[in-house]
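One file, final_35.json, carrying JSON, C-alpha atoms:
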[["chain", "number", "residue", "atom", "x", "y", "z"],
["A", 1312, "MET", "CA", 10.55, -17.22, -13.59],
["A", 1313, "SER", "CA", 9.69, -15.03, -10.60],
["A", 1314, "LYS", "CA", 6.08, -13.90, -10.46],
["A", 1315, "GLY", "CA", 6.38, -11.67, -7.39],
["A", 1316, "LEU", "CA", 7.02, -7.97, -7.26],
["A", 1317, "THR", "CA", 10.67, -7.00, -6.93],
["A", 1318, "PRO", "CA", 11.97, -3.40, -6.52],
["A", 1319, "SER", "CA", 13.31, -3.47, -10.07],
["A", 1320, "SER", "CA", 10.02, -4.59, -11.61],
["A", 1321, "PHE", "CA", 8.20, -2.03, -9.43],
["A", 1322, "GLY", "CA", 10.49, 0.65, -10.92],
["A", 1323, "LEU", "CA", 9.86, -0.70, -14.43],
["A", 1324, "ILE", "CA", 6.10, -0.50, -13.86],
["A", 1325, "TRP", "CA", 6.39, 3.16, -12.79],
["A", 1326, "LEU", "CA", 8.54, 3.95, -15.80],
["A", 1327, "THR", "CA", 5.87, 2.34, -18.01],
["A", 1328, "LEU", "CA", 3.17, 4.46, -16.33],
["A", 1329, "VAL", "CA", 4.94, 7.75, -16.92],
["A", 1330, "VAL", "CA", 5.98, 6.96, -20.51],
["A", 1331, "LEU", "CA", 2.51, 5.67, -21.49],
["A", 1332, "SER", "CA", 0.66, 8.57, -19.81],
["A", 1333, "PHE", "CA", 2.69, 11.18, -21.66],
["A", 1334, "GLY", "CA", 2.26, 9.11, -24.83],
["A", 1335, "GLN", "CA", -1.51, 9.19, -24.36],
["A", 1336, "ILE", "CA", -1.48, 12.98, -23.89],
["A", 1337, "LEU", "CA", 0.59, 13.47, -27.06],
["A", 1338, "ILE", "CA", -1.73, 11.18, -29.03],
["A", 1339, "LYS", "CA", -4.76, 13.17, -27.89],
["A", 1340, "MET", "CA", -2.97, 16.41, -28.85],
["A", 1341, "GLY", "CA", -2.27, 14.97, -32.31],
["A", 1342, "VAL", "CA", -5.78, 13.59, -32.84],
["A", 1343, "GLY", "CA", -7.28, 16.90, -31.75],
["A", 1344, "THR", "CA", -10.84, 17.65, -30.72],
["A", 1345, "GLN", "CA", -12.52, 17.44, -34.13],
["A", 1346, "LYS", "CA", -14.46, 14.19, -34.39],
["A", 1347, "ILE", "CA", -12.89, 11.62, -36.71],
["A", 1348, "PRO", "CA", -15.67, 11.03, -39.30],
["A", 1349, "VAL", "CA", -16.98, 7.46, -39.34],
["A", 1350, "SER", "CA", -18.18, 6.43, -42.79],
["A", 1351, "PRO", "CA", -20.19, 3.32, -43.78],
["A", 1352, "ASN", "CA", -17.18, 2.52, -45.94],
["A", 1353, "PRO", "CA", -14.59, 0.99, -43.59],
["A", 1354, "ILE", "CA", -11.69, 1.92, -45.90],
["A", 1355, "ARG", "CA", -12.77, 5.58, -45.83],
["A", 1356, "THR", "CA", -13.01, 5.43, -42.03],
["A", 1357, "LEU", "CA", -9.54, 3.83, -41.82],
["A", 1358, "LEU", "CA", -8.13, 6.61, -44.02],
["A", 1359, "ASN", "CA", -9.81, 9.21, -41.81],
["A", 1360, "ILE", "CA", -8.14, 7.64, -38.77],
["A", 1361, "LEU", "CA", -4.76, 7.38, -40.50],
["A", 1362, "SER", "CA", -4.86, 11.05, -41.49],
["A", 1363, "ARG", "CA", -4.84, 11.85, -37.75],
["A", 1364, "VAL", "CA", -2.14, 9.25, -37.07],
["A", 1365, "PHE", "CA", 0.39, 10.80, -39.45],
["A", 1366, "ARG", "CA", 0.78, 14.00, -37.51],
["A", 1367, "PRO", "CA", 3.98, 14.80, -35.59],
["A", 1368, "LYS", "CA", 2.38, 14.78, -32.13],
["A", 1369, "THR", "CA", 0.41, 11.58, -32.71],
["A", 1370, "LEU", "CA", 3.53, 9.86, -34.05],
["A", 1371, "ALA", "CA", 5.58, 11.10, -31.08],
["A", 1372, "GLY", "CA", 2.87, 9.73, -28.79],
["A", 1373, "PHE", "CA", 2.95, 6.38, -30.56],
["A", 1374, "PHE", "CA", 6.74, 6.34, -30.26],
["A", 1375, "LEU", "CA", 6.40, 6.71, -26.49],
["A", 1376, "TYR", "CA", 3.80, 3.96, -26.63],
["A", 1377, "VAL", "CA", 6.20, 1.60, -28.40],
["A", 1378, "VAL", "CA", 8.91, 2.37, -25.84],
["A", 1379, "GLY", "CA", 6.39, 1.89, -23.01],
["A", 1380, "THR", "CA", 5.18, -1.37, -24.55],
["A", 1381, "PHE", "CA", 8.72, -2.75, -24.68],
["A", 1382, "ILE", "CA", 9.11, -2.02, -20.97],
["A", 1383, "TRP", "CA", 5.63, -3.42, -20.31],
["A", 1384, "LEU", "CA", 6.49, -6.69, -22.07],
["A", 1385, "MET", "CA", 9.51, -7.01, -19.77],
["A", 1386, "VAL", "CA", 7.26, -6.38, -16.76],
["A", 1387, "LEU", "CA", 4.72, -9.01, -17.90],
["A", 1388, "SER", "CA", 7.42, -11.65, -18.35],
["A", 1389, "ARG", "CA", 8.52, -11.09, -14.72],
["A", 1390, "VAL", "CA", 5.36, -10.26, -12.80],
["A", 1391, "SER", "CA", 1.94, -11.88, -12.93],
["A", 1392, "LEU", "CA", -0.75, -9.90, -14.74],
["A", 1393, "SER", "CA", -2.80, -9.70, -11.57],
["A", 1394, "ILE", "CA", -0.02, -7.82, -9.73],
["A", 1395, "ALA", "CA", 1.14, -5.61, -12.58],
["A", 1396, "PHE", "CA", -2.34, -4.44, -13.58],
["A", 1397, "PRO", "CA", -3.45, -2.97, -10.23],
["A", 1398, "LEU", "CA", -0.36, -0.75, -10.02],
["A", 1399, "PHE", "CA", -1.44, 0.54, -13.37],
["A", 1400, "SER", "CA", -4.44, 2.28, -11.78],
["A", 1401, "MET", "CA", -2.05, 5.10, -10.84],
["A", 1402, "SER", "CA", -1.95, 5.95, -14.55],
["A", 1403, "TYR", "CA", -5.58, 7.14, -14.33],
["A", 1404, "PHE", "CA", -4.68, 9.82, -11.80],
["A", 1405, "LEU", "CA", -1.67, 10.73, -13.91],
["A", 1406, "VAL", "CA", -3.62, 10.98, -17.19],
["A", 1407, "VAL", "CA", -6.50, 12.96, -15.64],
["A", 1408, "ILE", "CA", -4.07, 15.42, -14.01],
["A", 1409, "LEU", "CA", -2.10, 15.80, -17.25],
["A", 1410, "SER", "CA", -5.35, 16.21, -19.24],
["A", 1411, "ALA", "CA", -6.35, 19.08, -16.96],
["A", 1412, "THR", "CA", -2.95, 20.79, -16.86],
["A", 1413, "ILE", "CA", -1.50, 20.18, -20.34],
["A", 1414, "LEU", "CA", -4.64, 19.74, -22.46],
["A", 1415, "HIS", "CA", -6.67, 22.25, -20.37],
["A", 1416, "GLU", "CA", -9.62, 19.86, -20.31],
["A", 1417, "ARG", "CA", -12.51, 20.81, -18.08],
["A", 1418, "VAL", "CA", -12.38, 18.32, -15.20],
["A", 1419, "VAL", "CA", -15.14, 18.19, -12.63],
["A", 1420, "TRP", "CA", -12.83, 17.26, -9.77],
["A", 1421, "ARG", "CA", -15.43, 16.08, -7.26],
["A", 1422, "TYR", "CA", -16.68, 13.49, -9.75],
["A", 1423, "ALA", "CA", -13.25, 12.72, -11.17],
["A", 1424, "LEU", "CA", -11.57, 12.17, -7.79],
["A", 1425, "SER", "CA", -14.48, 10.10, -6.40],
["A", 1426, "GLY", "CA", -14.40, 8.02, -9.57],
["A", 1427, "LEU", "CA", -10.63, 7.57, -9.53],
["A", 1428, "VAL", "CA", -10.58, 6.54, -5.84],
["A", 1429, "LEU", "CA", -13.38, 3.99, -6.42],
["A", 1430, "ILE", "CA", -11.59, 2.69, -9.51],
["A", 1431, "SER", "CA", -8.33, 2.31, -7.55],
["A", 1432, "ILE", "CA", -10.14, 0.38, -4.79],
["A", 1433, "GLY", "CA", -11.74, -1.81, -7.44],
["A", 1434, "VAL", "CA", -8.46, -2.39, -9.24],
["A", 1435, "THR", "CA", -6.84, -3.33, -5.90],
["A", 1436, "PHE", "CA", -9.59, -5.91, -5.33],
["A", 1437, "ILE", "CA", -8.87, -7.21, -8.82],
["A", 1438, "GLY", "CA", -5.23, -7.57, -7.74],
["A", 1439, "LEU", "CA", -6.30, -9.47, -4.61],
["A", 1440, "SER", "CA", -8.39, -11.83, -6.75],
["A", 1441, "SER", "CA", -5.14, -13.55, -7.69],
["A", 1442, "PRO", "CA", -4.24, -16.12, -4.99],
["A", 1443, "PRO", "CA", -0.85, -15.64, -3.24],
["A", 1444, "ASN", "CA", 2.13, -17.46, -4.79],
["B", 51, "MET", "CA", -16.52, 2.46, -29.74],
["B", 52, "LEU", "CA", -14.75, 2.73, -26.39],
["B", 53, "CYS", "CA", -16.14, -0.66, -25.38],
["B", 54, "ILE", "CA", -14.85, -2.34, -28.54],
["B", 55, "ALA", "CA", -11.43, -0.73, -28.05],
["B", 56, "ILE", "CA", -11.33, -1.94, -24.44],
["B", 57, "ALA", "CA", -12.48, -5.50, -25.23],
["B", 58, "LEU", "CA", -10.01, -5.90, -28.11],
["B", 59, "GLY", "CA", -7.25, -4.55, -25.86],
["B", 60, "ALA", "CA", -8.06, -7.09, -23.16],
["B", 61, "PHE", "CA", -7.95, -10.00, -25.61],
["B", 62, "GLY", "CA", -4.68, -8.60, -26.99],
["B", 63, "GLN", "CA", -3.25, -8.54, -23.46],
["B", 64, "VAL", "CA", -4.12, -12.20, -22.89],
["B", 65, "PHE", "CA", -2.55, -13.28, -26.18],
["B", 66, "LEU", "CA", 0.58, -11.30, -25.27],
["B", 67, "LYS", "CA", 0.74, -13.11, -21.94],
["B", 68, "MET", "CA", 0.20, -16.50, -23.65],
["B", 69, "GLY", "CA", 3.07, -15.82, -26.02],
["B", 70, "LEU", "CA", 5.33, -14.46, -23.28],
["B", 71, "GLY", "CA", 4.53, -17.35, -20.94],
["B", 72, "GLU", "CA", 5.79, -19.82, -23.52],
["B", 73, "HIS", "CA", 9.10, -18.13, -24.09],
["B", 74, "GLY", "CA", 9.81, -15.57, -21.37],
["B", 75, "ILE", "CA", 12.25, -12.76, -21.96],
["B", 76, "ALA", "CA", 15.81, -13.06, -20.72],
["B", 77, "ALA", "CA", 17.27, -9.75, -19.59],
["B", 78, "GLY", "CA", 20.70, -9.62, -21.22],
["B", 79, "HIS", "CA", 23.88, -8.16, -19.77],
["B", 80, "GLU", "CA", 23.62, -5.30, -22.21],
["B", 81, "LEU", "CA", 20.61, -3.20, -23.12],
["B", 82, "LEU", "CA", 20.99, -4.08, -26.80],
["B", 83, "GLU", "CA", 20.94, -7.80, -25.98],
["B", 84, "THR", "CA", 17.73, -7.33, -23.97],
["B", 85, "ILE", "CA", 16.12, -5.35, -26.78],
["B", 86, "LEU", "CA", 17.02, -8.11, -29.25],
["B", 87, "ASN", "CA", 15.51, -10.71, -26.89],
["B", 88, "ILE", "CA", 12.31, -8.66, -26.69],
["B", 89, "ALA", "CA", 12.21, -8.21, -30.48],
["B", 90, "ARG", "CA", 12.68, -11.96, -30.99],
["B", 91, "THR", "CA", 9.82, -12.73, -28.61],
["B", 92, "MET", "CA", 7.61, -10.20, -30.40],
["B", 93, "LEU", "CA", 7.81, -12.31, -33.56],
["B", 94, "THR", "CA", 6.18, -15.40, -32.02],
["B", 95, "PRO", "CA", 2.65, -16.04, -33.40],
["B", 96, "LYS", "CA", 0.61, -15.39, -30.27],
["B", 97, "VAL", "CA", 2.50, -12.21, -29.45],
["B", 98, "VAL", "CA", 2.00, -11.04, -33.06],
["B", 99, "LEU", "CA", -1.74, -11.78, -32.76],
["B", 100, "GLY", "CA", -1.87, -9.94, -29.44],
["B", 101, "LEU", "CA", -0.11, -6.92, -30.93],
["B", 102, "ALA", "CA", -2.40, -7.00, -34.00],
["B", 103, "LEU", "CA", -5.45, -6.86, -31.71],
["B", 104, "TYR", "CA", -3.80, -3.90, -30.03],
["B", 105, "VAL", "CA", -3.44, -2.09, -33.37],
["B", 106, "VAL", "CA", -7.13, -2.59, -34.22],
["B", 107, "SER", "CA", -8.07, -1.59, -30.68],
["B", 108, "THR", "CA", -5.99, 1.58, -31.16],
["B", 109, "PHE", "CA", -8.00, 2.59, -34.26],
["B", 110, "PHE", "CA", -11.21, 2.38, -32.24],
["B", 111, "TRP", "CA", -9.52, 4.24, -29.39],
["B", 112, "LEU", "CA", -8.40, 7.13, -31.64],
["B", 113, "THR", "CA", -11.89, 7.51, -33.07],
["B", 114, "ALA", "CA", -13.29, 7.50, -29.53],
["B", 115, "ILE", "CA", -10.91, 10.10, -28.06],
["B", 116, "SER", "CA", -11.58, 12.46, -30.98],
["B", 117, "ARG", "CA", -15.11, 12.64, -29.53],
["B", 118, "VAL", "CA", -14.65, 12.45, -25.77],
["B", 119, "ARG", "CA", -12.32, 14.24, -23.34],
["B", 120, "LEU", "CA", -9.25, 12.16, -22.48],
["B", 121, "SER", "CA", -9.79, 12.75, -18.75],
["B", 122, "VAL", "CA", -13.11, 10.93, -19.12],
["B", 123, "ALA", "CA", -12.20, 8.30, -21.72],
["B", 124, "TYR", "CA", -8.94, 7.11, -20.19],
["B", 125, "PRO", "CA", -10.27, 5.94, -16.79],
["B", 126, "LEU", "CA", -12.82, 3.77, -18.66],
["B", 127, "ILE", "CA", -9.93, 1.51, -19.63],
["B", 128, "SER", "CA", -10.16, 0.19, -16.05],
["B", 129, "LEU", "CA", -13.19, -1.81, -17.22],
["B", 130, "SER", "CA", -10.70, -4.02, -19.01],
["B", 131, "TYR", "CA", -9.31, -5.37, -15.69],
["B", 132, "PRO", "CA", -12.34, -7.47, -14.73],
["B", 133, "LEU", "CA", -12.46, -8.66, -18.34],
["B", 134, "VAL", "CA", -8.77, -9.62, -18.23],
["B", 135, "VAL", "CA", -9.36, -11.50, -14.94],
["B", 136, "VAL", "CA", -12.17, -13.54, -16.50],
["B", 137, "LEU", "CA", -10.09, -14.23, -19.61],
["B", 138, "SER", "CA", -7.02, -15.10, -17.49],
["B", 139, "ALA", "CA", -9.11, -17.65, -15.58],
["B", 140, "THR", "CA", -10.84, -19.18, -18.59],
["B", 141, "ILE", "CA", -8.17, -19.03, -21.29],
["B", 142, "LEU", "CA", -4.89, -19.02, -19.34],
["B", 143, "GLY", "CA", -6.22, -21.22, -16.52],
["B", 144, "GLU", "CA", -4.99, -18.81, -13.85],
["B", 145, "GLN", "CA", -6.56, -19.24, -10.41],
["B", 146, "VAL", "CA", -8.98, -16.51, -9.40],
["B", 147, "ARG", "CA", -10.58, -15.70, -6.02],
["B", 148, "TRP", "CA", -13.96, -14.73, -7.39],
["B", 149, "PRO", "CA", -15.34, -12.75, -4.39],
["B", 150, "TYR", "CA", -12.44, -10.30, -4.74],
["B", 151, "ALA", "CA", -12.87, -10.14, -8.50],
["B", 152, "ALA", "CA", -16.60, -9.42, -8.07],
["B", 153, "ALA", "CA", -15.89, -6.68, -5.49],
["B", 154, "GLY", "CA", -13.32, -5.20, -7.85],
["B", 155, "LEU", "CA", -15.80, -5.18, -10.72],
["B", 156, "ALA", "CA", -18.42, -3.48, -8.52],
["B", 157, "PHE", "CA", -16.05, -0.72, -7.37],
["B", 158, "ILE", "CA", -14.73, -0.13, -10.89],
["B", 159, "ILE", "CA", -18.25, 0.17, -12.30],
["B", 160, "ALA", "CA", -19.14, 2.61, -9.48],
["B", 161, "GLY", "CA", -15.98, 4.62, -10.18],
["B", 162, "VAL", "CA", -16.54, 4.69, -13.92],
["B", 163, "SER", "CA", -20.10, 5.91, -13.29],
["B", 164, "PHE", "CA", -18.74, 8.86, -11.29],
["B", 165, "ILE", "CA", -16.30, 9.61, -14.12],
["B", 166, "GLY", "CA", -19.27, 9.53, -16.50],
["B", 167, "LEU", "CA", -21.07, 12.13, -14.36],
["B", 168, "GLY", "CA", -18.15, 14.47, -15.07],
["B", 169, "LEU", "CA", -19.13, 14.45, -18.73],
["B", 170, "GLY", "CA", -22.14, 16.68, -18.21],
["B", 171, "ARG", "CA", -24.21, 17.59, -21.21],
["B", 172, "ASN", "CA", -21.28, 18.61, -23.33],
["B", 173, "SER", "CA", -19.25, 15.57, -24.33],
["B", 174, "GLU", "CA", -17.07, 17.42, -26.82],
["B", 175, "GLY", "CA", -13.34, 17.14, -26.38],
["B", 176, "GLY", "CA", -11.53, 20.21, -25.35]]
Here is the file; what I need is its structure written in the form of structure tokens.
Amino acid sequence: MSKGLTPSSFGLIWLTLVVLSFGQILIKMGVGTQKIPVSPNPIRTLLNILSRVFRPKTLAGFFLYVVGTFIWLMVLSRVSLSIAFPLFSMSYFLVVILSATILHERVVWRYALSGLVLISIGVTFIGLSSPPN
Amino acid sequence: MLCIAIALGAFGQVFLKMGLGEHGIAAGHELLETILNIARTMLTPKVVLGLALYVVSTFFWLTAISRVRLSVAYPLISLSYPLVVVLSATILGEQVRWPYAAAGLAFIIAGVSFIGLGLGRNSEGG
């Protein structure tokens, strides 16, 4: 079982990123901006959560998540976690950009970009923490 | 809430890897064959446990993102990487070069702090 990064697994990782990022945006659109009430009764809380899950956009988002997870499982069986995960940091840029453009979230770019760059450097170090081979 | 979602997700990831490491997934000649291979692997106990942790983690995640903007909440998932590295080393026995892992953790925490500054006073989603 090859653990290195091949062009095909690199492509699979990118496909996962795009599918999961759009999934995340759809889920947020479905959940909405009204706080899900948290009750001392866990069953009540679960029902509150589920009432947001069974909405068309949330379900569509989850569908993309299932598709993305299938691709992700293929990636993980071919590439070591410590290589696959760092490439994933690109999804943060993607999700923040999509949040600003599609969800019209207020993004303070000077903080967001500084944060994302630092996170990417950090995630790259995490990738390097896995010894070669 | 975000922290619980992230921690459960990291443990889920490690269980997925444990299950996948035992069996691997053969890519078939046809897409359908590959999908069946993936589905078969998904039914092994550790993969099921990993996926179950993911489901629970998702409930926490949904509750969290109903309160916080996605552009702020999503980058916080990067905190799971250092956690996954530690778990990979301790549970999966993977080799880790700790100075790099420590540097990674430091940069990620710095980055997440900047993201947090973007929250401002108003943490409502929108």
Check your understanding: Once you count only C-alpha atoms, which residues of chain A turn out to be within 6 Å of chain B? Could you give them as a VMD selection string?
Key -> chain A and resid 1344 to 1347 1388 1403 1407 1410 1416 1419 1422 to 1423 1426 1429 to 1430 1433 to 1434 1436 to 1437 1440 to 1441
Dump C-alpha atoms for the selected residues as a PDB file, in the frame of the given file?
ATOM      1  CA  THR A1344     -10.840  17.650 -30.720  1.00  0.00           C
ATOM      2  CA  GLN A1345     -12.520  17.440 -34.130  1.00  0.00           C
ATOM      3  CA  LYS A1346     -14.460  14.190 -34.390  1.00  0.00           C
ATOM      4  CA  ILE A1347     -12.890  11.620 -36.710  1.00  0.00           C
ATOM      5  CA  SER A1388       7.420 -11.650 -18.350  1.00  0.00           C
ATOM      6  CA  TYR A1403      -5.580   7.140 -14.330  1.00  0.00           C
ATOM      7  CA  VAL A1407      -6.500  12.960 -15.640  1.00  0.00           C
ATOM      8  CA  SER A1410      -5.350  16.210 -19.240  1.00  0.00           C
ATOM      9  CA  GLU A1416      -9.620  19.860 -20.310  1.00  0.00           C
ATOM     10  CA  VAL A1419     -15.140  18.190 -12.630  1.00  0.00           C
ATOM     11  CA  TYR A1422     -16.680  13.490  -9.750  1.00  0.00           C
ATOM     12  CA  ALA A1423     -13.250  12.720 -11.170  1.00  0.00           C
ATOM     13  CA  GLY A1426     -14.400   8.020  -9.570  1.00  0.00           C
ATOM     14  CA  LEU A1429     -13.380   3.990  -6.420  1.00  0.00           C
ATOM     15  CA  ILE A1430     -11.590   2.690  -9.510  1.00  0.00           C
ATOM     16  CA  GLY A1433     -11.740  -1.810  -7.440  1.00  0.00           C
ATOM     17  CA  VAL A1434      -8.460  -2.390  -9.240  1.00  0.00           C
ATOM     18  CA  PHE A1436      -9.590  -5.910  -5.330  1.00  0.00           C
ATOM     19  CA  ILE A1437      -8.870  -7.210  -8.820  1.00  0.00           C
ATOM     20  CA  SER A1440      -8.390 -11.830  -6.750  1.00  0.00           C
ATOM     21  CA  SER A1441      -5.140 -13.550  -7.690  1.00  0.00           C
TER      22      SER A1441
END
Practice item. Tell me, as a PyMOL selection string, which residues lie within 7 Å of region 1330-1336 of chain A, counting only C-alpha atoms; anything in the same chain fewer than 6 positions away does not count. Key: chain A and resi 1372-1373+1375-1376+1379+1402+1405-1406+1410
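In this model, the gap between CA of Lys96 (chain B) and CA of Phe1381 (chain A) comes to 16.0 Å.
Nearest residue to Phe1399 (chain A), choosing from A:Ser1320, A:Ser1362, A:Ser1350, A:Ser1431 and counting all atoms listed in the file: A:Ser1431.
Across the model, the gap from CA of Gly1341 (chain A) to CA of Lys1368 (chain A) is 4.7 Å.
The spacing separating CA of Arg1421 (chain A) from CA of Ala57 (chain B) amounts to 28.2 Å.
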Exercise for review: Write out as an MDAnalysis selection string each polymer residue whose atoms come within 10 Å of Leu1398 (chain A), counting all atoms listed in the file; drop sequence neighbours fewer than 2 positions from it.
Suggested key: chainID A and resid 1321 1324:1325 1328 1393:1396 1400:1402 1431 1434:1435 1438
Selected residues written out with C-alpha atoms, as a compact mmCIF listing (two decimals), keeping the file's coordinate frame:
# COMPACT_ATOMS: atom_id res chain seq x y z
CA PHE A 1321 8.20 -2.03 -9.43
CA ILE A 1324 6.10 -0.50 -13.86
CA TRP A 1325 6.39 3.16 -12.79
CA LEU A 1328 3.17 4.46 -16.33
CA SER A 1393 -2.80 -9.70 -11.57
CA ILE A 1394 -0.02 -7.82 -9.73
CA ALA A 1395 1.14 -5.61 -12.58
CA PHE A 1396 -2.34 -4.44 -13.58
CA SER A 1400 -4.44 2.28 -11.78
CA MET A 1401 -2.05 5.10 -10.84
CA SER A 1402 -1.95 5.95 -14.55
CA SER A 1431 -8.33 2.31 -7.55
CA VAL A 1434 -8.46 -2.39 -9.24
CA THR A 1435 -6.84 -3.33 -5.90
CA GLY A 1438 -5.23 -7.57 -7.74
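Counting all atoms listed in the file and comparing B:Leu81, B:Leu133, B:Ile54, B:Leu86, the residue that lies closest to Ser107 (chain B) is B:Ile54.
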Could you pull region 151-166 of chain B out of the block above and give me N, CA and C atoms, as a PDB file, in the first residue's frame?
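Full text of part.pdb as output:
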ATOM      1  N   ALA B 151       5.917  19.095  15.014  1.00  0.00           N
ATOM      2  CA  ALA B 151       4.542  19.056  15.519  1.00  0.00           C
ATOM      3  C   ALA B 151       4.285  20.229  16.462  1.00  0.00           C
ATOM      4  N   ALA B 152       5.290  20.522  17.326  1.00  0.00           N
ATOM      5  CA  ALA B 152       5.146  21.629  18.278  1.00  0.00           C
ATOM      6  C   ALA B 152       5.063  22.969  17.545  1.00  0.00           C
ATOM      7  N   ALA B 153       5.923  23.142  16.501  1.00  0.00           N
ATOM      8  CA  ALA B 153       5.880  24.378  15.711  1.00  0.00           C
ATOM      9  C   ALA B 153       4.513  24.509  15.036  1.00  0.00           C
ATOM     10  N   GLY B 154       4.026  23.397  14.507  1.00  0.00           N
ATOM     11  CA  GLY B 154       2.716  23.407  13.857  1.00  0.00           C
ATOM     12  C   GLY B 154       1.622  23.838  14.813  1.00  0.00           C
ATOM     13  N   LEU B 155       1.666  23.254  16.020  1.00  0.00           N
ATOM     14  CA  LEU B 155       0.658  23.599  17.031  1.00  0.00           C
ATOM     15  C   LEU B 155       0.716  25.096  17.339  1.00  0.00           C
ATOM     16  N   ALA B 156       1.951  25.628  17.486  1.00  0.00           N
ATOM     17  CA  ALA B 156       2.109  27.047  17.834  1.00  0.00           C
ATOM     18  C   ALA B 156       1.521  27.941  16.740  1.00  0.00           C
ATOM     19  N   PHE B 157       1.857  27.648  15.477  1.00  0.00           N
ATOM     20  CA  PHE B 157       1.346  28.462  14.370  1.00  0.00           C
ATOM     21  C   PHE B 157      -0.178  28.362  14.276  1.00  0.00           C
ATOM     22  N   ILE B 158      -0.710  27.157  14.450  1.00  0.00           N
ATOM     23  CA  ILE B 158      -2.160  26.988  14.339  1.00  0.00           C
ATOM     24  C   ILE B 158      -2.871  27.779  15.434  1.00  0.00           C
ATOM     25  N   ILE B 159      -2.331  27.704  16.664  1.00  0.00           N
ATOM     26  CA  ILE B 159      -2.963  28.456  17.759  1.00  0.00           C
ATOM     27  C   ILE B 159      -2.905  29.953  17.472  1.00  0.00           C
ATOM     28  N   ALA B 160      -1.744  30.429  16.936  1.00  0.00           N
ATOM     29  CA  ALA B 160      -1.626  31.849  16.582  1.00  0.00           C
ATOM     30  C   ALA B 160      -2.660  32.210  15.514  1.00  0.00           C
ATOM     31  N   GLY B 161      -2.775  31.345  14.485  1.00  0.00           N
ATOM     32  CA  GLY B 161      -3.719  31.606  13.401  1.00  0.00           C
ATOM     33  C   GLY B 161      -5.156  31.636  13.879  1.00  0.00           C
ATOM     34  N   VAL B 162      -5.498  30.652  14.726  1.00  0.00           N
ATOM     35  CA  VAL B 162      -6.858  30.573  15.248  1.00  0.00           C
ATOM     36  C   VAL B 162      -7.175  31.807  16.099  1.00  0.00           C
ATOM     37  N   SER B 163      -6.144  32.325  16.804  1.00  0.00           N
ATOM     38  CA  SER B 163      -6.362  33.527  17.608  1.00  0.00           C
ATOM     39  C   SER B 163      -6.712  34.712  16.717  1.00  0.00           C
ATOM     40  N   PHE B 164      -6.008  34.839  15.577  1.00  0.00           N
ATOM     41  CA  PHE B 164      -6.334  35.911  14.626  1.00  0.00           C
ATOM     42  C   PHE B 164      -7.767  35.760  14.116  1.00  0.00           C
ATOM     43  N   ILE B 165      -8.144  34.509  13.786  1.00  0.00           N
ATOM     44  CA  ILE B 165      -9.507  34.255  13.313  1.00  0.00           C
ATOM     45  C   ILE B 165     -10.491  34.707  14.382  1.00  0.00           C
ATOM     46  N   GLY B 166     -10.160  34.412  15.654  1.00  0.00           N
ATOM     47  CA  GLY B 166     -11.028  34.790  16.762  1.00  0.00           C
ATOM     48  C   GLY B 166     -11.197  36.297  16.861  1.00  0.00           C
TER      49      GLY B 166
END
